[in-house]
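Data first, discussion second: the structure below is written as structure tokens.
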Amino acid sequence: MADTNASQIIQDGGRTAIIKVTTVIGAGSPPASATVIVVDVSSLAADPVSKRPCTGVTLEKLTFASVGVAVKLEWDADTNVLLFDFPSNWTEQYDFTDFGIPNNSGAGKSGDIVATSVPAAAGNTYTMILTVQKLYG
């Protein structure tokens with residue numbers, strides 16, 4: 001059975017988006033690492049004034065909770081750039097609204113944020129709620 005990923009856009013305004021992602025690890029022998037798109041900038045609404053598409057984000061807040069699975073949160077690029085490396089069985093809240101964490105990835109950056117689960121047992125879960133400032137091309 002494959003991993004189950006559920007994404008919910010809580011808010012998608014002109015400046016800010018809030019996205020909740022929950023992943024349940026599926027059965028496998030052994031379960032493989034799985035990468036999912038946590039923030040897909042191409043799916044976010046365009047600038048309401050200029051109509052330019054969202055091309056990137058700056059991370060402002062992050063809530064993370066995992067049960068039994070470690071997760072790497074990364075900026076998507078030809079070579080992904082690590083944002084956070086969360087251990088299993090971990091819960092934390094971060095607030096970067098004073099400065100934000102910009103995307104510092106290089107060649108081939110998509111603007112997206114991805115999460116990779118380290119192999120874990122079936123039924124393990126993680127949930128993230130991200131608040132991002134939207135950037136337009």
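We name chains A, B, ... following the order of the structure tokens; residues begin at 1 in each chain, and ligands are numbered from 1 as shown.
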For this session: List the neighbours of Pro102 in chain A out to 12 Å using only C-alpha atoms; skip same-chain residues closer than 6 positions along the sequence, and give me the result as a PyMOL selection string.
Result: chain A and resi 56-60+74-75+81+83+96+111-113+132-135
Exercise. Leaving out Cys54 in chain A and any residue of its chain fewer than 4 positions from it, which residues lie within 9 Å of it when counting only C-alpha atoms, given as a VMD selection string?
Worked result: chain A and resid 41 to 47 111 134 to 137
Exercise. Neighbours of Ser110 in chain A within 8 Å (only C-alpha atoms; same-chain residues fewer than 5 positions away dropped), as JSON, numbers by chain?
Worked result: {"A": [55, 56, 76, 77]}
Would you mind exporting the chosen residues as a PDB file, in the first residue's frame, restricted to N, CA and C atoms?
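This went into out14.pdb:
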ATOM      1  N   THR A  55       5.526  32.288  -7.931  1.00  0.00           N
ATOM      2  CA  THR A  55       6.713  31.570  -8.400  1.00  0.00           C
ATOM      3  C   THR A  55       7.603  31.096  -7.264  1.00  0.00           C
ATOM      4  N   GLY A  56       7.272  31.471  -6.047  1.00  0.00           N
ATOM      5  CA  GLY A  56       8.079  31.061  -4.902  1.00  0.00           C
ATOM      6  C   GLY A  56       7.434  31.516  -3.612  1.00  0.00           C
ATOM      7  N   ASP A  76      12.844  22.623  -3.165  1.00  0.00           N
ATOM      8  CA  ASP A  76      12.969  21.765  -4.340  1.00  0.00           C
ATOM      9  C   ASP A  76      13.856  22.433  -5.395  1.00  0.00           C
ATOM     10  N   ALA A  77      14.855  21.683  -5.888  1.00  0.00           N
ATOM     11  CA  ALA A  77      15.768  22.159  -6.933  1.00  0.00           C
ATOM     12  C   ALA A  77      16.448  20.947  -7.540  1.00  0.00           C
TER      13      ALA A  77
END
Exercise. Given the choices A:Asn5, A:Asn104, A:Ser88, A:Thr97, which gets closest to Phe64 in chain A if the distance is worked out from only C-alpha atoms?
Worked result: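 The answer is A:Ser88, which sits nearest to Phe64 in chain A.
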Problem set entry | Residue nearest Arg15 in chain A among A:Pro48, A:Phe86, A:Thr35, A:Thr116 (counting only C-alpha atoms) |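 Closest to Arg15 in chain A of all the choices is A:Pro48.
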For this session: Check the smallest atom-to-atom distance from each of A:Ser117, A:Thr131, A:Thr22, A:Ser66 to Asn89 in chain A using only C-alpha atoms, then report the winner.
Result: A:Ser66
Exercise. Smallest atom-to-atom distance to Thr16 in chain A: which of A:Ala120, A:Lys61, A:Leu82, A:Ala34, using only C-alpha atoms?
Worked result: A:Lys61
For this session: Find the spatial neighbours of range 127-129 of chain A, counting only C-alpha atoms, within a cut-off of 6 Å - ignore same-chain residues fewer than 3 positions away - and output them as a ChimeraX atom specification.
Result: /A:19-22,62-65
